[in-house]
$ cat run21.cif   # mmCIF, C-alpha atoms
data_start
loop_
_atom_site.label_atom_id
_atom_site.label_comp_id
_atom_site.auth_asym_id
_atom_site.auth_seq_id
_atom_site.Cartn_x
_atom_site.Cartn_y
_atom_site.Cartn_z
CA MET A 1 3.35 -38.03 16.64
CA GLN A 2 0.35 -37.75 18.95
CA GLU A 3 1.33 -34.21 19.99
CA GLN A 4 1.67 -33.25 16.35
CA GLY A 5 -1.76 -34.72 15.64
CA ASP A 6 -3.30 -32.70 18.47
CA GLN A 7 -2.15 -29.55 16.72
CA ASP A 8 -4.37 -30.39 13.79
CA ASN A 9 -7.30 -28.19 14.77
CA ALA A 10 -9.93 -29.95 12.68
CA ALA A 11 -9.07 -33.44 13.94
CA TYR A 12 -8.72 -32.28 17.52
CA VAL A 13 -12.09 -30.51 17.51
CA ARG A 14 -13.79 -33.66 16.30
CA ARG A 15 -12.21 -35.70 19.10
CA VAL A 16 -13.08 -33.35 21.98
CA HIS A 17 -16.18 -31.49 20.77
CA ASP A 18 -18.71 -33.46 22.84
CA LYS A 19 -16.84 -32.77 26.08
CA GLY A 20 -18.18 -29.22 26.30
CA LEU A 21 -16.92 -25.70 25.67
CA GLN A 22 -14.84 -25.32 28.83
CA PHE A 23 -12.92 -28.48 27.95
CA ASP A 24 -12.32 -27.02 24.50
CA LEU A 25 -11.12 -23.72 25.90
CA ARG A 26 -8.78 -25.37 28.39
CA THR A 27 -7.23 -27.88 26.02
CA MET A 28 -7.64 -26.41 22.53
CA SER A 29 -6.84 -22.76 23.08
CA ARG A 30 -6.56 -21.08 19.69
CA ARG A 31 -3.70 -19.05 21.13
CA ARG A 32 -1.96 -22.40 21.69
CA LEU A 33 -2.67 -23.32 18.10
CA LEU A 34 -1.35 -19.99 16.84
CA ALA A 35 1.78 -20.37 18.96
CA ALA A 36 2.43 -23.71 17.31
CA PHE A 37 2.52 -21.91 13.98
CA GLY A 38 4.73 -19.05 15.07
CA GLY A 39 2.73 -16.82 17.43
CA ALA A 40 2.24 -13.25 16.25
CA GLY A 41 3.18 -14.08 12.68
CA ALA A 42 0.42 -16.66 12.50
CA LEU A 43 -2.01 -14.20 14.03
CA ALA A 44 -1.24 -11.72 11.26
CA ILE A 45 -1.90 -14.42 8.67
CA VAL A 46 -5.24 -15.43 10.21
CA GLY A 47 -6.49 -11.87 10.58
CA GLY A 48 -5.26 -10.53 7.21
CA THR A 49 -7.57 -9.01 4.66
CA ALA A 50 -8.40 -10.61 1.32
CA ALA A 51 -10.40 -10.22 -1.87
CA CYS A 52 -13.70 -11.02 -0.14
CA GLY A 53 -13.44 -7.98 2.15
CA SER A 54 -16.07 -5.47 3.13
CA THR A 55 -18.69 -3.89 0.93
CA THR A 56 -18.89 -0.12 1.10
CA ASP A 57 -22.34 1.44 1.30
CA THR A 58 -22.22 4.48 -1.01
CA GLY A 59 -23.06 7.68 0.78
CA SER A 60 -22.89 6.20 4.26
CA THR A 61 -20.23 6.32 6.93
CA SER A 62 -18.16 3.19 6.61
CA THR A 63 -16.90 1.43 9.72
CA ALA A 64 -14.64 -1.61 9.81
CA SER A 65 -12.74 -3.43 12.52
CA ALA A 66 -9.00 -3.31 11.92
CA SER A 67 -8.61 -6.82 13.29
CA ALA A 68 -11.64 -8.31 11.55
CA SER A 69 -11.13 -11.70 9.98
CA THR A 70 -11.92 -11.29 6.30
CA SER A 71 -9.79 -14.14 5.08
CA THR A 72 -8.62 -17.52 6.27
CA SER A 73 -5.98 -18.02 3.57
CA THR A 74 -2.37 -18.59 4.57
CA ALA A 75 0.81 -18.03 2.59
CA ALA A 76 1.17 -21.78 2.15
CA GLY A 77 -2.15 -21.99 0.29
CA THR A 78 -3.94 -23.78 3.14
CA ALA A 79 -6.48 -22.18 5.45
CA THR A 80 -7.07 -21.85 9.17
CA GLU A 81 -10.32 -23.51 10.19
CA VAL A 82 -12.86 -21.25 11.89
CA ALA A 83 -13.12 -22.04 15.59
CA SER A 84 -15.88 -24.37 16.73
CA GLU A 85 -18.14 -22.89 19.40
CA THR A 86 -21.15 -23.87 21.45
CA ALA A 87 -24.52 -23.37 19.75
CA GLY A 88 -25.84 -22.19 23.09
CA PRO A 89 -29.21 -22.99 24.69
CA TYR A 90 -31.47 -21.40 22.04
CA PRO A 91 -30.65 -23.18 18.75
CA ALA A 92 -34.10 -24.51 17.77
CA ASP A 93 -32.25 -27.24 15.88
CA GLY A 94 -33.91 -30.12 17.73
CA SER A 95 -31.10 -30.54 20.23
CA ASN A 96 -32.81 -28.40 22.88
CA GLY A 97 -36.53 -28.09 22.30
CA PRO A 98 -38.06 -27.09 18.93
CA ASP A 99 -36.58 -27.83 15.51
CA VAL A 100 -37.35 -24.88 13.24
CA ARG A 101 -35.07 -26.24 10.49
CA THR A 102 -37.73 -28.73 9.36
CA GLU A 103 -40.53 -26.19 9.02
CA SER A 104 -41.79 -24.93 5.68
CA GLY A 105 -40.60 -21.37 5.18
CA ILE A 106 -37.30 -21.62 7.05
CA VAL A 107 -35.29 -21.37 3.81
CA ARG A 108 -35.26 -17.60 3.31
CA LYS A 109 -32.91 -14.66 3.04
CA ASP A 110 -34.95 -12.11 5.01
CA ILE A 111 -35.24 -13.39 8.57
CA ARG A 112 -36.76 -10.28 10.17
CA LYS A 113 -40.31 -11.64 10.05
CA SER A 114 -41.77 -14.80 11.53
CA PHE A 115 -43.19 -17.34 9.09
CA GLY A 116 -45.88 -20.01 9.04
CA SER A 117 -48.63 -19.33 11.57
CA SER A 118 -46.57 -16.62 13.28
CA SER A 119 -46.71 -13.01 12.14
CA GLY A 120 -44.33 -10.97 14.30
CA THR A 121 -41.49 -8.80 12.99
CA ALA A 122 -38.24 -8.05 14.80
CA ALA A 123 -37.52 -4.31 14.95
CA GLY A 124 -34.01 -2.88 14.92
CA VAL A 125 -31.21 -1.30 12.91
CA PRO A 126 -30.96 -3.12 9.54
CA LEU A 127 -28.10 -5.60 9.14
CA GLU A 128 -27.23 -7.76 6.14
CA PHE A 129 -24.70 -10.41 7.07
CA SER A 130 -22.86 -12.93 4.90
CA LEU A 131 -20.75 -15.99 5.49
CA VAL A 132 -18.27 -16.87 2.75
CA VAL A 133 -17.54 -20.58 3.17
CA SER A 134 -14.44 -22.32 1.82
CA ASP A 135 -12.67 -25.61 2.44
CA LEU A 136 -9.24 -25.88 4.04
CA THR A 137 -7.53 -25.26 0.70
CA GLY A 138 -9.41 -21.98 0.25
CA LYS A 139 -11.80 -23.33 -2.42
CA ALA A 140 -15.36 -22.01 -2.22
CA ILE A 141 -17.91 -24.56 -1.02
CA THR A 142 -21.02 -24.31 -3.18
CA GLY A 143 -24.34 -25.95 -2.42
CA ALA A 144 -23.73 -26.08 1.32
CA ALA A 145 -26.32 -24.63 3.69
CA VAL A 146 -26.04 -22.21 6.59
CA TYR A 147 -28.57 -22.07 9.42
CA ALA A 148 -28.22 -18.74 11.25
CA TRP A 149 -29.99 -17.33 14.30
CA HIS A 150 -29.53 -14.54 16.84
CA CYS A 151 -31.31 -12.53 19.54
CA ASP A 152 -33.51 -9.48 18.95
CA ARG A 153 -32.73 -5.91 20.02
CA ASP A 154 -33.96 -6.71 23.55
CA GLY A 155 -31.59 -9.68 23.84
CA ASN A 156 -34.34 -12.29 23.54
CA TYR A 157 -34.54 -15.38 21.34
CA SER A 158 -37.66 -16.39 19.42
CA LEU A 159 -39.20 -19.76 20.38
CA TYR A 160 -37.51 -19.59 23.82
CA SER A 161 -37.77 -16.23 25.59
CA GLU A 162 -40.82 -15.14 27.56
CA GLY A 163 -43.35 -13.36 25.37
CA ILE A 164 -41.97 -14.55 22.02
CA THR A 165 -42.24 -18.33 22.25
CA ASP A 166 -44.87 -18.11 19.51
CA GLN A 167 -42.46 -16.27 17.15
CA ASN A 168 -39.73 -17.75 14.93
CA TYR A 169 -38.09 -14.61 13.55
CA LEU A 170 -34.32 -14.06 13.31
CA ARG A 171 -33.81 -17.65 12.16
CA GLY A 172 -33.26 -18.87 8.62
CA ILE A 173 -31.40 -21.16 6.24
CA GLN A 174 -29.61 -20.17 3.04
CA GLU A 175 -27.70 -22.21 0.46
CA THR A 176 -24.19 -21.08 -0.47
CA ASP A 177 -23.86 -19.75 -4.01
CA ALA A 178 -21.09 -20.17 -6.61
CA THR A 179 -18.76 -18.07 -4.44
CA GLY A 180 -19.55 -20.02 -1.28
CA THR A 181 -21.62 -17.13 0.10
CA ALA A 182 -24.83 -17.30 2.14
CA THR A 183 -26.47 -13.93 2.91
CA PHE A 184 -29.21 -12.95 5.35
CA THR A 185 -31.22 -9.75 5.80
CA SER A 186 -31.79 -9.09 9.48
CA ILE A 187 -31.43 -6.57 12.31
CA PHE A 188 -28.44 -5.81 14.50
CA PRO A 189 -28.60 -8.08 17.58
CA ALA A 190 -28.45 -6.77 21.14
CA CYS A 191 -25.67 -7.22 23.65
CA TYR A 192 -27.14 -9.11 26.57
CA SER A 193 -25.54 -9.61 29.96
CA GLY A 194 -22.35 -11.69 29.89
CA ARG A 195 -22.02 -12.06 26.12
CA TRP A 196 -20.34 -10.09 23.34
CA PRO A 197 -22.66 -9.20 20.39
CA HIS A 198 -22.84 -12.30 18.21
CA ILE A 199 -24.70 -14.38 15.63
CA HIS A 200 -24.90 -18.18 15.80
CA PHE A 201 -24.57 -20.45 12.78
CA GLU A 202 -24.40 -24.07 11.72
CA VAL A 203 -23.06 -25.24 8.36
CA TYR A 204 -24.43 -28.31 6.59
CA SER A 205 -23.13 -30.07 3.51
CA SER A 206 -26.41 -29.55 1.65
CA LEU A 207 -29.79 -27.87 1.89
CA ALA A 208 -31.41 -31.29 2.20
CA ASN A 209 -29.30 -32.10 5.26
CA ALA A 210 -30.04 -28.71 6.82
CA THR A 211 -33.81 -29.05 6.48
CA SER A 212 -34.24 -32.78 7.12
CA GLY A 213 -33.68 -32.60 10.86
CA ASP A 214 -31.08 -35.36 10.61
CA GLY A 215 -27.98 -33.31 9.82
CA PRO A 216 -25.15 -33.97 10.18
CA ILE A 217 -23.80 -30.57 11.20
CA VAL A 218 -20.41 -29.89 9.61
CA LYS A 219 -19.52 -26.78 11.65
CA THR A 220 -21.06 -24.96 14.63
CA SER A 221 -19.69 -21.51 15.43
CA GLN A 222 -20.52 -17.84 15.98
CA ILE A 223 -19.92 -14.47 14.32
CA ALA A 224 -18.53 -11.72 16.57
CA LEU A 225 -19.53 -8.15 15.75
CA PRO A 226 -16.97 -5.31 16.12
CA GLU A 227 -17.08 -2.95 19.07
CA ASP A 228 -17.09 0.39 17.22
CA VAL A 229 -20.15 -0.43 15.14
CA SER A 230 -21.95 -2.01 18.09
CA ASP A 231 -21.45 1.14 20.19
CA VAL A 232 -22.97 3.31 17.45
CA VAL A 233 -25.99 1.01 17.05
CA TYR A 234 -26.60 0.73 20.79
CA ALA A 235 -26.85 4.52 21.09
CA THR A 236 -30.06 4.40 19.00
CA ASP A 237 -33.63 3.94 20.18
CA GLY A 238 -34.57 0.44 21.31
CA TYR A 239 -31.07 -0.72 22.28
CA SER A 240 -30.67 1.07 25.63
CA LYS A 241 -30.17 -2.17 27.60
CA SER A 242 -27.20 -3.05 25.41
CA ILE A 243 -25.19 0.02 26.45
CA SER A 244 -24.67 -1.10 30.05
CA ASN A 245 -24.24 -4.75 29.04
CA MET A 246 -21.57 -3.82 26.49
CA SER A 247 -19.67 -1.82 29.10
CA GLN A 248 -19.29 -4.95 31.24
CA VAL A 249 -17.87 -7.34 28.63
CA SER A 250 -15.03 -7.42 26.12
CA LEU A 251 -13.88 -9.86 23.48
CA ALA A 252 -11.13 -10.87 25.91
CA THR A 253 -13.56 -11.63 28.76
CA ASP A 254 -16.42 -13.12 26.71
CA ASN A 255 -17.02 -16.75 27.69
CA VAL A 256 -16.98 -17.87 24.04
CA PHE A 257 -14.59 -15.56 22.18
CA GLY A 258 -12.33 -14.83 25.14
CA ASP A 259 -9.56 -17.35 24.53
CA ASP A 260 -8.30 -15.48 21.45
CA SER A 261 -10.67 -12.49 21.05
CA GLY A 262 -12.50 -14.24 18.21
CA VAL A 263 -9.59 -14.07 15.78
CA THR A 264 -11.30 -16.31 13.19
CA GLU A 265 -14.83 -15.09 13.95
CA LEU A 266 -14.72 -11.28 13.95
CA ALA A 267 -16.70 -9.89 11.04
CA THR A 268 -15.93 -6.84 8.96
CA VAL A 269 -18.87 -4.40 9.10
CA THR A 270 -19.56 -1.31 6.98
CA GLY A 271 -22.48 1.09 6.66
CA SER A 272 -24.43 3.43 8.92
CA VAL A 273 -27.49 3.49 11.16
CA ALA A 274 -29.47 5.35 8.49
CA ALA A 275 -28.45 3.13 5.56
CA GLY A 276 -28.10 -0.10 7.49
CA TYR A 277 -25.00 -2.22 7.98
CA VAL A 278 -23.32 -4.97 5.97
CA ALA A 279 -21.31 -7.63 7.81
CA LYS A 280 -19.09 -10.21 6.16
CA LEU A 281 -17.03 -13.08 7.51
CA ALA A 282 -14.98 -15.54 5.47
CA ILE A 283 -14.62 -18.93 7.14
CA ALA A 284 -12.78 -22.13 6.30
CA ILE A 285 -14.22 -25.48 7.33
CA ASP A 286 -13.41 -29.15 6.92
CA PRO A 287 -16.25 -30.43 4.66
CA SER A 288 -15.87 -33.90 6.18
CA GLY A 289 -16.27 -32.61 9.74
CA GLU A 290 -19.19 -33.54 11.98
CA GLU A 291 -20.23 -31.67 15.11
CA THR A 292 -23.09 -31.63 17.58
CA GLY A 293 -25.92 -29.14 17.90
CA GLY A 294 -26.89 -26.85 20.78
CA GLY A 295 -28.52 -27.28 24.12
CA ASP A 296 -27.28 -26.59 27.62
CA ALA A 297 -23.65 -27.49 28.16
CA PRO A 298 -22.53 -29.72 31.05
CA ALA A 299 -21.91 -28.07 34.41
CA GLY A 300 -19.26 -25.42 33.96
CA GLY A 301 -19.66 -25.43 30.18
CA GLY A 302 -20.29 -22.45 27.94
CA GLY A 303 -23.65 -23.50 26.48
CA ALA A 304 -25.75 -22.41 29.44
CA PRO A 305 -26.68 -18.72 29.45
CA PRO A 306 -24.65 -16.43 31.71
CA SER A 307 -26.25 -14.66 34.65
CA GLY A 308 -28.64 -12.00 33.37
CA ALA A 309 -28.95 -13.53 29.90
CA PRO A 310 -32.39 -14.07 28.32
CA ARG A 311 -34.05 -17.04 29.97
CA PRO A 312 -36.31 -19.64 28.33
CA ALA A 313 -39.98 -19.20 29.15
CA SER A 314 -41.37 -21.50 31.82
CA SER A 315 -42.91 -24.67 30.41
#
$ encode --input "run21.cif" --output "structure tokens"
Amino acid sequence: MQEQGDQDNAAYVRRVHDKGLQFDLRTMSRRRLLAAFGGAGALAIVGGTAACGSTTDTGSTSTASASASTSTSTAAGTATEVASETAGPYPADGSNGPDVRTESGIVRKDIRKSFGSSSGTAAGVPLEFSLVVSDLTGKAITGAAVYAWHCDRDGNYSLYSEGITDQNYLRGIQETDATGTATFTSIFPACYSGRWPHIHFEVYSSLANATSGDGPIVKTSQIALPEDVSDVVYATDGYSKSISNMSQVSLATDNVFGDDSGVTELATVTGSVAAGYVAKLAIAIDPSGEETGGGDAPAGGGGAPPSGAPRPASS
């Protein structure tokens, strides 16, 4: 019975989450979970497309990842929970330095500009990204809140990286609508050394919980961006550092997505450099779940930045 219980991803994550990412990757491999449900057949179910698929930008060249996860629904009417991941060392959620969630102005769709006393704007190729949040039965979760953040086109994080500790751009909170969707207007993030292009997020049960500073966090995870789109973006002005960084990492070798190539976290992306891109990822979560925030992971864990990653400014 205990072995069967360990195959319940949601329950198992809650039991081991605080032990660090490497513990998770060693003992809760999503490939192991998929194997328990029938291997390749389960993988096809998790990665299948669904009604909440990509949005086509009229007149632009549309690009989508063939293996992108646009649905978490299974044939049995249940859903595969999106993988839990480290929030990393730059969350600004109070777990490692500043807590931007409690500041006036953090609830916003357009996260390209800083707010409050800061006035900077993050430059880059336009990206609108959405999370479509459902419970484990596939029912849309309305009135939840998503806190999202990511690096700029140089691979740096506001509030942490040298030169932009006084900025708070590329961070924001949105409430999920009647379809369970939270959408942000942003820029395409860089690929910095040792990490696949990604966007961090935390899900809260309500806007009040997200902005109070007390939580609790229901789900902490990341969005992986597809390789073909990333390569096109990184060939444009301002992203030159990302070209060499991207050539040295893959979804299979990434220290977060590498255990299963981000099967539940890979977004579908459409659009073009000229028109901007639209990314969408449907995720299933356990609404009763509770997870921790960010901060450096224990020794050997995945929360600390890899060699060459953006470093926090000296205090």
$ resolve_selection --input "run21.cif" --expression "the PyMOL selection byres ((chain A and resi 114-123) around 10)" --output "PyMOL selection string"
chain A and resi 103-106+108+110-113+124-126+151-154+158+164+166-172+186-188+238
$ closest_residue --input "run21.cif" --among "A:Leu225, A:Ala83, A:Leu281, A:Met246" --to "Asp260 of chain A" --atoms "all atoms listed in the file"
A:Ala83
$ atom_distance --input "run21.cif" --atom1 "atom CA of His198 of chain A" --atom2 "atom CA of His150 of chain A"
7.2 Å
$ atom_distance --input "run21.cif" --atom1 "atom CA of Val256 of chain A" --atom2 "atom CA of Val107 of chain A"
27.5 Å
$ closest_residue --input "run21.cif" --among "A:Val133, A:Ile285, A:Leu266, A:Val100" --to "Pro226 of chain A" --atoms "only C-alpha atoms"
A:Leu266
$ atom_distance --input "run21.cif" --atom1 "atom CA of Ser221 of chain A" --atom2 "atom CA of Glu290 of chain A"
12.5 Å
$ closest_residue --input "run21.cif" --among "A:Ala140, A:Val132, A:Ala235, A:Leu159" --to "Glu265 of chain A" --atoms "all atoms listed in the file"
A:Val132
$ closest_residue --input "run21.cif" --among "A:Val269, A:Val82, A:Val233, A:Leu136" --to "Cys191 of chain A" --atoms "all atoms listed in the file"
A:Val233
$ closest_residue --input "run21.cif" --among "A:Asp231, A:Gly88, A:Thr264, A:Thr80" --to "Asn245 of chain A" --atoms "all atoms listed in the file"
A:Asp231
$ residues_around --input "run21.cif" --residues "Pro91 of chain A" --least-positions-apart "2" --cutoff "10 Å" --atoms "all atoms listed in the file" --output "JSON list (two decimals) with C-alpha atoms, in the coordinates of the input"
[["chain", "number", "residue", "atom", "x", "y", "z"],
["A", 86, "THR", "CA", -21.15, -23.87, 21.45],
["A", 87, "ALA", "CA", -24.52, -23.37, 19.75],
["A", 88, "GLY", "CA", -25.84, -22.19, 23.09],
["A", 89, "PRO", "CA", -29.21, -22.99, 24.69],
["A", 93, "ASP", "CA", -32.25, -27.24, 15.88],
["A", 94, "GLY", "CA", -33.91, -30.12, 17.73],
["A", 95, "SER", "CA", -31.10, -30.54, 20.23],
["A", 96, "ASN", "CA", -32.81, -28.40, 22.88],
["A", 97, "GLY", "CA", -36.53, -28.09, 22.30],
["A", 98, "PRO", "CA", -38.06, -27.09, 18.93],
["A", 99, "ASP", "CA", -36.58, -27.83, 15.51],
["A", 100, "VAL", "CA", -37.35, -24.88, 13.24],
["A", 101, "ARG", "CA", -35.07, -26.24, 10.49],
["A", 147, "TYR", "CA", -28.57, -22.07, 9.42],
["A", 148, "ALA", "CA", -28.22, -18.74, 11.25],
["A", 149, "TRP", "CA", -29.99, -17.33, 14.30],
["A", 150, "HIS", "CA", -29.53, -14.54, 16.84],
["A", 157, "TYR", "CA", -34.54, -15.38, 21.34],
["A", 158, "SER", "CA", -37.66, -16.39, 19.42],
["A", 159, "LEU", "CA", -39.20, -19.76, 20.38],
["A", 160, "TYR", "CA", -37.51, -19.59, 23.82],
["A", 171, "ARG", "CA", -33.81, -17.65, 12.16],
["A", 200, "HIS", "CA", -24.90, -18.18, 15.80],
["A", 201, "PHE", "CA", -24.57, -20.45, 12.78],
["A", 202, "GLU", "CA", -24.40, -24.07, 11.72],
["A", 293, "GLY", "CA", -25.92, -29.14, 17.90],
["A", 294, "GLY", "CA", -26.89, -26.85, 20.78],
["A", 295, "GLY", "CA", -28.52, -27.28, 24.12]]
$ closest_residue --input "run21.cif" --among "A:Val229, A:Ala145, A:Leu251, A:Ala190" --to "Ser212 of chain A" --atoms "only C-alpha atoms"
A:Ala145
$ residues_around --input "run21.cif" --residues "segment 182-184 of chain A" --least-positions-apart "3" --cutoff "7 Å" --atoms "only C-alpha atoms" --output "MDAnalysis selection string"
chainID A and resid 109:111 128:132 146 174:177
